[in-house]
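Source file: start_32.txt; contents: compact mmCIF, C-alpha atoms and all ligand atoms.
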# COMPACT_ATOMS: atom_id res chain seq x y z
CA MET A 28 199.49 30.80 151.79
CA ILE A 29 199.79 33.95 149.75
CA TYR A 30 203.00 35.71 148.78
CA VAL A 31 203.79 39.41 148.72
CA THR A 32 206.92 40.81 147.11
CA ARG A 33 208.59 44.13 147.67
CA ARG A 34 211.34 45.37 145.36
CA ALA A 35 214.16 47.83 146.02
CA GLU A 36 217.32 48.92 144.25
CA PHE A 37 220.81 49.72 145.37
CA SER A 38 224.16 50.42 143.77
CA ALA A 39 227.36 48.95 145.09
CA SER A 40 230.85 47.99 144.05
CA HIS A 41 232.81 44.85 144.68
CA TYR A 42 235.61 42.59 143.53
CA TYR A 43 236.28 38.90 143.86
CA HIS A 44 239.33 37.18 145.24
CA ASN A 45 240.32 34.30 147.47
CA PRO A 46 243.48 34.81 149.54
CA ASN A 47 244.04 31.04 149.48
CA PHE A 48 244.33 31.04 145.68
CA SER A 49 247.55 31.92 143.90
CA PRO A 50 247.61 35.17 141.89
CA GLU A 51 247.21 33.13 138.67
CA GLU A 52 244.30 31.16 140.10
CA ASN A 53 242.59 34.36 141.20
CA ARG A 54 243.03 35.81 137.72
CA ARG A 55 241.92 32.62 135.99
CA ILE A 56 238.87 32.00 138.19
CA PHE A 57 237.63 35.55 138.71
CA GLY A 58 238.87 37.23 135.52
CA LYS A 59 238.05 40.91 135.28
CA CYS A 60 236.14 40.71 138.58
CA HIS A 61 239.48 40.19 140.37
CA ASN A 62 240.57 43.85 139.96
CA PRO A 63 240.92 45.03 143.61
CA LEU A 64 239.83 48.54 142.65
CA GLY A 65 236.39 47.07 142.09
CA HIS A 66 233.53 47.70 139.71
CA GLY A 67 229.91 48.61 140.25
CA HIS A 68 226.48 47.12 139.74
CA ASN A 69 222.94 48.40 140.05
CA TYR A 70 221.31 45.63 142.04
CA THR A 71 217.61 44.97 142.39
CA VAL A 72 216.44 42.98 145.39
CA GLU A 73 213.03 41.38 145.73
CA VAL A 74 211.86 40.24 149.14
CA THR A 75 208.97 37.78 149.15
CA VAL A 76 207.01 37.15 152.32
CA GLY A 77 204.41 34.41 152.62
CA GLY A 78 201.52 34.36 155.03
CA GLU A 79 197.80 34.29 155.48
CA ILE A 80 195.48 37.18 154.79
CA ASP A 81 194.38 38.88 157.98
CA PRO A 82 190.60 39.12 157.56
CA LEU A 83 190.54 42.37 159.52
CA THR A 84 192.88 44.18 157.11
CA GLY A 85 192.82 42.05 153.98
CA MET A 86 196.63 42.04 154.12
CA VAL A 87 199.40 39.58 154.90
CA LEU A 88 201.57 42.27 156.45
CA ASP A 89 202.10 46.00 156.55
CA LEU A 90 203.82 46.79 153.26
CA LYS A 91 205.01 50.17 154.47
CA GLY A 92 206.69 48.34 157.33
CA LEU A 93 208.37 45.92 154.93
CA LYS A 94 209.59 48.81 152.81
CA ALA A 95 210.99 50.54 155.89
CA LEU A 96 212.69 47.33 157.07
CA LEU A 97 214.28 46.78 153.68
CA GLU A 98 215.49 50.37 153.63
CA GLN A 99 216.84 50.24 157.17
CA GLU A 100 218.46 46.80 157.13
CA VAL A 101 219.61 46.40 153.55
CA ILE A 102 219.69 49.61 151.55
CA GLN A 103 221.38 51.63 154.27
CA SER A 104 224.09 49.03 154.75
CA MET A 105 224.78 48.28 151.08
CA ASP A 106 223.80 51.23 148.90
CA HIS A 107 226.80 53.10 147.49
CA LYS A 108 229.16 50.88 149.46
CA PHE A 109 232.28 49.02 148.46
CA LEU A 110 230.91 45.72 149.69
CA ASN A 111 234.26 44.01 150.34
CA LYS A 112 235.46 46.82 152.59
CA GLU A 113 232.34 48.35 154.08
CA VAL A 114 230.00 45.46 154.79
CA PRO A 115 231.41 43.25 157.57
CA ALA A 116 229.77 40.09 156.18
CA PHE A 117 232.01 40.39 153.12
CA ALA A 118 235.28 41.04 154.90
CA ASP A 119 236.37 37.47 154.20
CA LYS A 120 233.71 36.26 151.78
CA ASN A 121 233.25 37.29 148.16
CA PRO A 122 230.28 39.62 147.70
CA THR A 123 228.87 37.54 144.88
CA THR A 124 225.20 37.86 144.04
CA GLU A 125 224.71 34.51 145.80
CA ASN A 126 226.33 35.71 149.01
CA ILE A 127 224.49 39.04 148.84
CA ALA A 128 221.17 37.15 148.67
CA VAL A 129 222.12 35.06 151.73
CA GLU A 130 223.24 38.15 153.64
CA ILE A 131 219.99 39.96 152.88
CA TRP A 132 218.07 36.91 154.11
CA ASN A 133 220.11 36.90 157.31
CA LEU A 134 219.48 40.61 157.85
CA LEU A 135 215.74 40.42 157.29
CA ALA A 136 214.61 37.03 158.60
CA PRO A 137 215.02 37.82 162.31
CA LYS A 138 213.31 41.20 161.95
CA LEU A 139 210.09 40.15 160.22
CA THR A 140 207.20 40.33 162.62
CA HIS A 141 204.42 39.16 160.31
CA GLY A 142 204.48 36.45 157.69
CA LYS A 143 207.44 34.24 156.90
CA LEU A 144 210.35 35.16 154.69
CA HIS A 145 209.98 33.01 151.58
CA ARG A 146 212.53 34.14 149.03
CA ILE A 147 215.25 36.69 148.41
CA ARG A 148 215.89 37.38 144.76
CA VAL A 149 218.82 39.57 143.77
CA TYR A 150 219.36 40.79 140.23
CA GLU A 151 222.95 41.68 139.41
CA THR A 152 221.87 42.70 135.90
CA PRO A 153 218.39 42.60 134.36
CA ASP A 154 219.16 39.18 132.86
CA LEU A 155 220.98 37.58 135.82
CA PHE A 156 219.46 36.84 139.18
CA VAL A 157 219.87 34.56 142.18
CA ASP A 158 217.12 33.09 144.37
CA TYR A 159 217.64 32.11 148.00
CA TYR A 160 215.00 30.30 150.06
CA GLY A 161 216.86 30.20 153.36
CA GLU A 162 218.55 26.85 152.86
NI NI B 1 230.63 42.26 139.49
Will you turn the file into structure tokens for me?
Amino acid sequence: MIYVTRRAEFSASHYYHNPNFSPEENRRIFGKCHNPLGHGHNYTVEVTVGGEIDPLTGMVLDLKGLKALLEQEVIQSMDHKFLNKEVPAFADKNPTTENIAVEIWNLLAPKLTHGKLHRIRVYETPDLFVDYYGE
């Protein structure tokens, strides 16, 4: 098995809250991130696909195709969006980096035609990232 990773960037805003928490709990647990007017991040996502090298092409998959899929499924739905309000998956779920990684997995996994999705890594800042392996 060999692994290929494609990276892309997007900017989005979000805030954190749980309607089942009291106002004090929301403030205590989410702190500054609880401001409903939101704040932004420049996210970096890395998509890693594992597979075997096709001896005819020397490649695991078409990297242009992976770039296009990432653009079409992820960047177009999340870039410059207020994630809580504009991405249906986050209507009732906090758009944390963890949940963003899971959502990106769910968007991409069914659409990959070659190789197997191995990992989604999402950087919220250059020194903070989340890895999701599909379970
Ligand atoms: Ni944030």
**Study point:** Shell of 12 Å around Leu93 (chain A), all atoms listed in the file, local chain residues under 2 positions omitted, as a PyMOL selection string
**Key:** chain A and resi 31-35+73-76+87-91+95-101+135-136+138-144
**Study point:** Nearby polymer residues, ligand NI 1 (chain B), at most 7 Å, all atoms listed in the file, as a ChimeraX atom specification
**Key:** /A:41-42,60,66-68
Exercise for review: Enter the distance from CA of Ala116 (chain A) to CA of Lys94 (chain A), in Å, rounded to one decimal.
Suggested key: 22.2 Å
Check your understanding: Separation of CA of Ala118 (chain A) and CA of Glu51 (chain A), in Å?
Key ->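 The value is 21.6 Å.
Between CA of Asn45 (chain A) and CA of Thr152 (chain A) there is a distance of 23.3 Å.
Using all atoms listed in the file, the nearest neighbour of Glu130 (chain A) within the list A:Gly161, A:His107, A:Lys112, A:His61 is A:Gly161.
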**Study point:** Nearest-residue call for Tyr160 (chain A), choices A:Leu83, A:Gly65, A:Gly77, A:Gly92, using only C-alpha atoms
**Key:**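 Checking each candidate against Tyr160 (chain A), we get A:Gly77 as the closest.
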Point to revise | Residue among A:Tyr159, A:Tyr150, A:Tyr43, A:Tyr30 lying closest to Trp132 (chain A), counting all atoms listed in the file | key: A:Tyr159
